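Engineer: Pasting coords.cif here (mmCIF, C-alpha atoms):
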```cif
data_work
loop_
_atom_site.label_atom_id
_atom_site.label_comp_id
_atom_site.auth_asym_id
_atom_site.auth_seq_id
_atom_site.Cartn_x
_atom_site.Cartn_y
_atom_site.Cartn_z
CA GLU Y 10 -17.72 -10.42 -1.74
CA GLY Y 11 -17.95 -7.53 0.68
CA ALA Y 12 -14.20 -7.41 1.13
CA CYS Y 13 -13.86 -3.85 -0.15
CA ARG Y 14 -15.85 -1.03 1.40
CA HIS Y 15 -15.61 2.52 0.08
CA VAL Y 16 -15.80 5.03 2.89
CA ASP Y 17 -15.09 8.29 1.10
CA SER Y 18 -17.88 10.80 1.11
CA ASP Y 19 -17.85 12.26 -2.40
CA ASP Y 20 -17.15 10.29 -5.54
CA ASP Y 21 -17.20 13.17 -7.94
CA ASP Y 22 -13.99 15.01 -8.30
CA GLN Y 23 -11.77 14.24 -5.37
CA SER Y 24 -8.42 12.67 -5.40
CA LEU Y 25 -7.06 9.23 -4.96
CA PRO Y 26 -3.39 9.49 -5.76
CA SER Y 27 -1.84 6.14 -5.07
CA LEU Y 28 1.28 4.64 -6.52
CA GLY Y 29 1.10 7.23 -9.29
CA SER Y 30 -1.41 5.16 -11.26
CA THR Y 31 -4.09 6.52 -13.58
CA GLY Y 32 -6.01 3.27 -13.36
CA SER Y 33 -6.85 2.63 -16.99
CA GLU Y 34 -3.84 0.50 -17.82
CA LEU Y 35 -3.78 -1.80 -14.78
CA SER Y 36 -3.52 -5.54 -15.29
CA GLU Y 37 -5.48 -8.08 -13.30
CA PHE Y 38 -3.73 -9.72 -10.36
CA THR Y 39 -5.65 -12.92 -9.69
CA CYS Y 40 -5.18 -16.45 -8.47
CA ASP Y 41 -5.30 -17.64 -12.06
CA GLU Y 42 -2.00 -15.89 -12.79
CA ILE Y 43 0.06 -17.11 -9.85
CA SER Y 44 0.30 -20.48 -8.22
CA GLN Y 45 -0.56 -21.20 -4.61
CA VAL Y 46 3.10 -21.95 -3.97
CA GLU Y 47 4.20 -18.61 -5.41
CA LEU Y 48 1.65 -16.57 -3.48
CA CYS Y 49 2.48 -18.39 -0.25
CA HIS Y 50 6.12 -17.63 -0.88
CA LEU Y 51 5.44 -13.96 -1.54
CA LEU Y 52 3.26 -13.58 1.55
CA GLY Y 53 5.67 -15.73 3.52
CA PRO Y 54 4.78 -18.58 5.87
CA ALA Y 55 1.99 -18.27 8.41
CA ILE Y 56 3.22 -16.75 11.69
CA PRO Y 57 2.06 -18.58 14.84
CA GLU Y 58 1.40 -15.39 16.81
CA ASP Y 59 -1.27 -14.45 14.26
CA GLU Y 60 -3.45 -17.35 15.39
CA SER Y 61 -4.40 -15.68 18.67
CA LYS Y 62 -7.92 -14.26 18.84
CA HIS Y 63 -6.82 -11.76 21.48
CA VAL Y 64 -5.35 -8.47 20.27
CA THR Y 65 -3.85 -6.04 22.75
CA ILE Y 66 -4.37 -2.38 21.92
CA PRO Y 67 -1.39 -0.39 23.23
CA SER Y 68 -2.07 2.07 26.02
CA GLY Y 69 -2.67 5.54 24.62
CA PHE Y 70 -3.15 4.23 21.09
CA THR Y 71 -4.47 6.83 18.65
CA ARG Y 72 -6.04 5.56 15.46
CA PRO Y 73 -4.16 6.96 12.44
CA ALA Y 74 -6.33 9.41 10.52
CA ASN Y 75 -7.12 8.57 6.92
CA LEU Y 76 -6.45 11.00 4.11
CA GLU Y 77 -9.12 12.65 1.97
CA HIS Y 78 -10.59 9.45 0.49
CA SER Y 79 -10.31 5.89 1.69
CA ILE Y 80 -11.25 2.29 1.09
CA LYS Y 81 -11.44 -0.42 3.74
CA ILE Y 82 -10.55 -4.03 2.92
CA ASP Y 83 -10.96 -7.09 5.16
CA LEU Y 84 -8.12 -9.58 4.71
CA PRO Y 85 -8.31 -13.18 6.00
CA VAL Y 86 -4.53 -13.28 6.44
CA GLY Y 87 -2.59 -12.74 9.65
CA PHE Y 88 -1.45 -9.23 10.56
CA ARG Y 89 2.23 -10.10 11.05
CA ARG Y 90 2.24 -12.05 7.80
CA ILE Y 91 0.94 -9.01 5.90
CA ARG Y 92 3.31 -6.68 7.73
CA LYS Y 93 6.29 -8.80 6.74
CA ALA Y 94 5.12 -9.08 3.12
CA PHE Y 95 4.64 -5.31 2.81
CA LEU Y 96 7.66 -4.07 4.75
CA ASN Y 97 10.46 -6.65 5.01
CA GLN Y 98 13.46 -5.79 2.85
CA ASP Y 99 13.93 -9.40 1.74
CA ASN Y 100 10.34 -9.93 0.60
CA ASP Y 101 9.41 -9.63 -3.08
CA PHE Y 102 5.66 -9.16 -2.59
CA TRP Y 103 5.52 -5.39 -2.98
CA ASP Y 104 8.23 -4.66 -5.55
CA LYS Y 105 7.95 -7.72 -7.75
CA LYS Y 106 4.31 -8.71 -7.49
CA VAL Y 107 2.53 -5.41 -6.88
CA LEU Y 108 4.71 -2.85 -8.66
CA SER Y 109 6.11 -5.09 -11.40
CA GLY Y 110 3.56 -7.89 -11.77
CA THR Y 111 0.32 -6.00 -11.20
CA LEU Y 112 1.11 -2.48 -12.32
CA LYS Y 113 3.69 -3.40 -14.97
CA TYR Y 114 6.21 -0.86 -13.71
CA LYS Y 115 9.81 -1.35 -14.88
CA ASN Y 116 13.29 -0.34 -13.74
CA ILE Y 117 12.22 -0.58 -10.10
CA ALA Y 118 14.97 0.54 -7.75
CA SER Y 119 14.66 0.84 -3.98
CA LYS Y 120 17.33 2.03 -1.58
CA GLY Y 121 15.74 0.19 1.36
CA TRP Y 122 14.84 1.51 4.79
CA ASP Y 123 17.21 4.09 6.17
CA ARG Y 124 17.30 2.41 9.58
CA HIS Y 125 16.53 -0.94 11.23
CA SER Y 126 16.16 -2.52 7.79
CA ASP Y 127 17.02 -5.97 9.14
CA VAL Y 128 14.22 -5.74 11.73
CA ILE Y 129 11.34 -3.99 9.96
CA GLY Y 130 8.60 -6.49 9.14
CA SER Y 131 9.92 -9.20 11.46
CA PRO Y 132 7.41 -10.84 13.85
CA THR Y 133 9.27 -9.42 16.87
CA VAL Y 134 11.93 -6.81 17.58
CA PRO Y 135 15.22 -7.64 19.29
CA LYS Y 136 15.79 -6.82 22.93
CA GLY Y 137 16.68 -3.19 23.44
CA LEU Y 138 14.74 -1.95 20.42
CA LYS Y 139 11.26 -0.52 20.79
CA TYR Y 140 8.56 -0.51 18.13
CA GLY Y 141 8.56 3.25 18.39
CA ASP Y 142 12.18 3.31 17.21
CA ILE Y 143 10.98 2.07 13.82
CA VAL Y 144 8.45 4.88 13.35
CA GLY Y 145 9.93 7.49 11.04
CA ALA Y 146 12.01 5.07 8.97
CA THR Y 147 11.96 5.99 5.29
CA LYS Y 148 12.89 4.47 1.97
CA LYS Y 149 13.08 5.83 -1.55
CA THR Y 150 11.85 3.94 -4.61
CA GLU Y 151 11.77 4.89 -8.26
CA TYR Y 152 10.20 3.12 -11.21
CA LEU Y 153 9.23 3.57 -14.84
CA MET Y 154 5.48 3.69 -15.36
CA PRO Y 155 4.13 2.38 -18.69
CA LYS Y 156 2.64 4.72 -21.23
CA THR Y 157 -1.12 5.19 -21.28
CA ALA Y 158 -3.56 6.71 -23.72
CA LEU Y 159 -2.85 10.08 -22.12
CA VAL Y 160 0.85 10.12 -21.21
CA LYS Y 161 4.11 8.59 -22.34
CA ALA Y 162 6.11 6.20 -20.17
CA ASN Y 163 7.51 8.21 -17.28
CA MET Y 164 9.53 7.91 -14.12
CA ALA Y 165 7.91 8.09 -10.68
CA TYR Y 166 9.82 8.95 -7.51
CA GLU Y 167 8.38 7.71 -4.23
CA THR Y 168 9.33 8.30 -0.60
CA THR Y 169 7.75 5.92 1.91
CA THR Y 170 7.65 6.64 5.64
CA ILE Y 171 6.53 4.32 8.43
CA THR Y 172 4.18 6.42 10.57
CA ALA Y 173 2.87 3.73 12.96
CA TYR Y 174 4.31 0.38 13.98
CA ASP Y 175 3.33 -2.08 16.70
CA ASP Y 176 1.51 -5.41 17.04
CA HIS Y 177 -1.91 -3.79 16.71
CA CYS Y 178 -1.34 -1.51 13.73
CA PHE Y 179 1.20 -0.39 11.18
CA ALA Y 180 0.96 2.51 8.76
CA ILE Y 181 3.00 3.71 5.81
CA GLU Y 182 2.68 6.96 3.90
CA MET Y 183 3.96 7.43 0.35
CA MET Y 184 4.67 10.70 -1.41
CA THR Y 185 4.99 10.11 -5.15
CA SER Y 186 5.93 12.57 -7.87
CA ASN Y 187 5.81 12.20 -11.65
CA PRO Y 188 7.70 15.26 -12.88
CA ASP Y 189 7.72 14.25 -16.55
CA VAL Y 190 3.95 14.04 -17.08
CA PRO Y 191 1.89 17.13 -17.98
CA PHE Y 192 1.61 19.35 -14.88
CA GLY Y 193 3.68 16.68 -13.07
CA LYS Y 194 5.77 19.26 -11.24
CA LYS Y 195 2.63 20.83 -9.78
CA PHE Y 196 1.24 17.89 -7.79
CA ILE Y 197 2.29 15.04 -5.51
CA ALA Y 198 0.36 11.85 -4.82
CA HIS Y 199 -0.01 11.28 -1.06
CA THR Y 200 -1.00 7.71 -0.24
CA LYS Y 201 -1.51 6.05 3.12
CA ILE Y 202 -1.95 2.38 4.03
CA VAL Y 203 -2.94 1.39 7.56
CA VAL Y 204 -3.32 -2.25 8.59
CA TYR Y 205 -5.04 -3.26 11.84
CA ASN Y 206 -4.66 -6.58 13.62
CA THR Y 207 -8.08 -8.16 14.19
CA GLY Y 208 -6.76 -11.48 15.48
CA ALA Y 209 -7.31 -15.09 14.41
CA ASN Y 210 -5.30 -14.76 11.18
CA SER Y 211 -7.18 -11.69 9.97
CA CYS Y 212 -6.59 -7.99 9.56
CA VAL Y 213 -8.19 -4.88 8.09
CA MET Y 214 -6.40 -2.68 5.56
CA GLU Y 215 -7.44 0.95 5.14
CA CYS Y 216 -6.01 2.75 2.12
CA SER Y 217 -6.46 6.48 1.71
CA VAL Y 218 -5.13 9.17 -0.56
CA GLU Y 219 -5.22 12.80 -1.50
CA THR Y 220 -3.60 15.09 -4.04
CA VAL Y 221 -1.09 17.65 -2.84
CA PHE Y 222 -0.53 20.80 -4.87
CA PRO Y 223 2.55 22.37 -3.22
CA ASN Y 224 2.07 25.71 -4.96
CA GLY Y 225 -1.70 25.65 -5.26
CA PRO Y 226 -3.85 23.71 -7.75
CA PRO Y 227 -3.62 24.59 -11.43
CA MET Y 228 -7.01 26.09 -12.16
CA ALA Y 229 -7.66 24.44 -15.51
CA ILE Y 230 -6.71 20.86 -14.73
CA SER Y 231 -6.79 20.18 -10.96
CA ARG Y 232 -10.22 18.53 -11.04
CA GLN Y 233 -9.13 16.07 -13.72
CA ILE Y 234 -5.87 15.27 -11.93
CA LYS Y 235 -7.67 14.52 -8.67
CA HIS Y 236 -10.35 12.41 -10.34
CA ALA Y 237 -7.83 10.32 -12.31
CA MET Y 238 -5.77 9.63 -9.19
CA LYS Y 239 -8.83 8.65 -7.19
CA THR Y 240 -10.14 6.26 -9.83
CA GLY Y 241 -6.76 4.64 -10.38
CA SER Y 242 -5.99 4.23 -6.70
CA ILE Y 243 -9.28 2.57 -5.84
CA GLU Y 244 -8.69 0.07 -8.63
CA VAL Y 245 -5.15 -0.69 -7.48
CA PHE Y 246 -6.13 -1.26 -3.86
CA GLU Y 247 -9.18 -3.37 -4.72
CA LYS Y 248 -7.08 -5.61 -6.96
CA ILE Y 249 -4.46 -6.15 -4.25
CA GLY Y 250 -7.00 -6.78 -1.50
CA SER Y 251 -9.34 -8.95 -3.54
CA SER Y 252 -6.55 -11.10 -4.91
CA ILE Y 253 -5.22 -11.85 -1.42
CA LYS Y 254 -8.72 -12.56 -0.11
CA ASN Y 255 -9.74 -14.77 -3.02
CA CYS Y 256 -6.56 -16.80 -2.88
CA ALA Y 257 -6.85 -17.23 0.87
CA VAL Y 258 -10.35 -18.60 0.45
CA SER Y 259 -9.55 -20.71 -2.60
CA TYR Y 260 -6.58 -22.40 -1.02
CA GLY Y 261 -8.09 -22.99 2.39
CA TRP Y 262 -6.14 -20.50 4.44
CA VAL Y 263 -9.40 -19.62 6.17
#
```
Go ahead and express the file in the form of structure tokens.

Structural biologist:
Amino acid sequence: EGACRHVDSDDDDQSLPSLGSTGSELSEFTCDEISQVELCHLLGPAIPEDESKHVTIPSGFTRPANLEHSIKIDLPVGFRRIRKAFLNQDNDFWDKKVLSGTLKYKNIASKGWDRHSDVIGSPTVPKGLKYGDIVGATKKTEYLMPKTALVKANMAYETTTITAYDDHCFAIEMMTSNPDVPFGKKFIAHTKIVVYNTGANSCVMECSVETVFPNGPPMAISRQIKHAMKTGSIEVFEKIGSSIKNCAVSYGWV
């Protein structure tokens, strides 16, 4: 309880475009559906450096700004462990468990990070490479979203960019388009996930989103588009955060 805290200011008609989801067709992602062994595998082993209570904030650090609406989730799992699960090219947590298992997306194809793919998500970086060298790395992912009561099954095209990366914080931003849905060529879902290291095998995840209308919002439908994205995104992020938190508590990780 208390793991998810909404921090957006207006719940009425504003957007939460995340992962292209409309929210109504999401499946539960709970400890009952996956074993402790499987979840531990997906999150990867505990990383010793995460045990430290002391977190060094880099000199000149600027907190990444959230997008239009956000949710904050406390996670009792180490920062580096989460970073590896979310970003490492060899980890199945995001593609197989979040996109496929939770959201029921199919035909998932990712081209991987366009640089430093063998390093991104690792607990440390090799000598001669700076964390700042990773910032700006991008990857492209596409997937088939299931049909809903409102739209047929359709392809989504997502570009993810790492916008912050060090041992205190990492951030990724996703721009997702669904050109085959009604008005799909008129809007883009802009999603941002920022994770902060709070030490002692814990971190805080802030997820924020907004709708982008490259050529201006369509007058008749923009409010509905923004509201559907907001509702769906909050549900997605709460399911991911709550499932990790509940499993961590249930299996004695905290």

Engineer: Between CA of Ser231 (chain Y) and CA of Ile181 (chain Y), what is the spacing in Å?

Structural biologist: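 Answer for the CA of Ile181 (chain Y) to CA of Ser231 (chain Y) separation: 25.5 Å.
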
Engineer: Any idea what's packed within 8 Å of Val203 (chain Y), counting all atoms listed in the file, ignoring anything in its chain fewer than 3 positions away? Could you give it as a list in words?

Structural biologist: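 Using all atoms listed in the file, the neighbours found are Pro73, Cys178, Phe179, Ala180, Ile181, Met214, Glu215 and Cys216 of chain Y.
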
Engineer: Can you spit out the residues from that selection as a PDB file, in the frame of the given file, using C-alpha atoms?

Structural biologist:
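Generated file (selection08.pdb):
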```
ATOM      1  CA  PRO Y  73      -4.160   6.960  12.440  1.00  0.00           C
ATOM      2  CA  CYS Y 178      -1.340  -1.510  13.730  1.00  0.00           C
ATOM      3  CA  PHE Y 179       1.200  -0.390  11.180  1.00  0.00           C
ATOM      4  CA  ALA Y 180       0.960   2.510   8.760  1.00  0.00           C
ATOM      5  CA  ILE Y 181       3.000   3.710   5.810  1.00  0.00           C
ATOM      6  CA  MET Y 214      -6.400  -2.680   5.560  1.00  0.00           C
ATOM      7  CA  GLU Y 215      -7.440   0.950   5.140  1.00  0.00           C
ATOM      8  CA  CYS Y 216      -6.010   2.750   2.120  1.00  0.00           C
TER       9      CYS Y 216
END
```

Engineer: Which residues are near Val213 (chain Y)? Cut-off 6 Å, only C-alpha atoms, ignore same chain within fewer than 2 positions. Put them as a compact mmCIF listing (two decimals) with C-alpha atoms, in the frame of the given file.

Structural biologist:
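As a result, result-v6.txt now contains:
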```txt
# COMPACT_ATOMS: atom_id res chain seq x y z
CA ILE Y 82 -10.55 -4.03 2.92
CA ASP Y 83 -10.96 -7.09 5.16
CA LEU Y 84 -8.12 -9.58 4.71
CA VAL Y 204 -3.32 -2.25 8.59
CA TYR Y 205 -5.04 -3.26 11.84
```

Engineer: Quick one, how far is CA of Val258 (chain Y) from CA of Ala55 (chain Y)?

Structural biologist: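 A separation of 14.7 Å between them.
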
Engineer: On this file, the PyMOL selection byres ((chain Y and resi 87) around 8) gives some set of residues; write that set as an MDAnalysis selection string.

Structural biologist: chainID Y and resid 55:56 59:60 85:86 88:91 206 208:212

Engineer: Between CA of Pro227 (chain Y) and CA of Thr172 (chain Y), measure the distance and give it in Å to one decimal.

Structural biologist: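 If I compute the distance from CA of Pro227 (chain Y) to CA of Thr172 (chain Y), I get 29.6 Å.
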
Engineer: Select, from Y:Arg232, Y:Lys201, Y:His125, Y:Lys106, the residue with the minimum atom-to-atom distance to Tyr140 (chain Y), counting only C-alpha atoms.

Structural biologist: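 Checking each candidate against Tyr140 (chain Y), we get Y:His125 as the closest.
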
Engineer: Report as a VMD selection string all protein, DNA and RNA residues lying within 12 Å of Gly225 (chain Y), evaluated on all atoms listed in the file, omitting residues in the same chain fewer than 2 positions from it.

Structural biologist: chain Y and resid 192 194 to 197 220 to 223 227 to 231

Engineer: Given the choices Y:Leu153, Y:Ile243, Y:Val190, Y:Ile253, which gets closest to Ile117 (chain Y) if the distance is worked out from only C-alpha atoms?

Structural biologist: Y:Leu153

Engineer: Give the centre and edge lengths of an axis-aligned box, in Å to one decimal, that holds all listed atoms of region 242-256 of chain Y with 6 Å on each side, as JSON.

Structural biologist:
```
{"center_x": -7.1, "center_y": -6.3, "center_z": -4.4, "size_x": 17.3, "size_y": 33.0, "size_z": 20.5}
```

Engineer: Give me, as a ChimeraX atom specification, all polymer residues having an atom no more than 7 Å from region 92-98 of chain Y, counting all atoms listed in the file and skipping those fewer than 3 positions away in the same chain.

Structural biologist: /Y:51-53,88-89,102-103,121,126,129-131

Engineer: Which residues would end up in the selection if the PyMOL selection byres ((chain Y and resi 184) around 9) were applied here, given that I need the answer as a PyMOL selection string?

Structural biologist: chain Y and resi 27-28+166-170+182-183+185-186+197-201

Engineer: Nearest residue to Asp176 (chain Y) out of Y:Ile202, Y:Ala257, Y:Val64, Y:Ala146, using all atoms listed in the file?

Structural biologist: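 Ranking Y:Ile202, Y:Ala257, Y:Val64, Y:Ala146 by distance to Asp176 (chain Y), first place goes to Y:Val64.
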
Engineer: Pull the neighbourhood of (1.2, 1.6, -17.4) for me: all residues within 6 Å in file coordinates, counting all atoms listed in the file, as a PyMOL selection string.

Structural biologist: chain Y and resi 34+154-157

Engineer: Could you dump the residues just selected with C-alpha atoms as a tab-separated table (two decimals), keeping the file's coordinate frame?

Structural biologist:
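Final output, saved to part.tsv:
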```
chain	number	residue	atom	x	y	z
Y	34	GLU	CA	-3.84	0.50	-17.82
Y	154	MET	CA	5.48	3.69	-15.36
Y	155	PRO	CA	4.13	2.38	-18.69
Y	156	LYS	CA	2.64	4.72	-21.23
Y	157	THR	CA	-1.12	5.19	-21.28
```

Engineer: Name the residues captured by the PyMOL selection byres ((chain Y and resi 152) around 10) when it is applied to the shown file; answer as a PyMOL selection string.

Structural biologist: chain Y and resi 104+108-109+113-119+150-151+153-155+163-167

Engineer: Which residue gives the smallest distance to Lys248 (chain Y) among Y:Leu76, Y:Val134, Y:Ile234, Y:Val107, with all atoms listed in the file counted?

Structural biologist: Y:Val107

Engineer: Measuring atom to atom with all atoms listed in the file, identify which of Y:Leu138, Y:Met238, Y:Ile171, Y:Ala162 is nearest to Asp123 (chain Y).

Structural biologist: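 Closest candidate: Y:Ile171.
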
Engineer: Between Y:Tyr174, Y:Lys161, Y:Leu112, Y:Asp101, single out the one closest to Asp142 (chain Y), counting only C-alpha atoms.

Structural biologist: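 The shortest atom-to-atom distance to Asp142 (chain Y) comes from Y:Tyr174.
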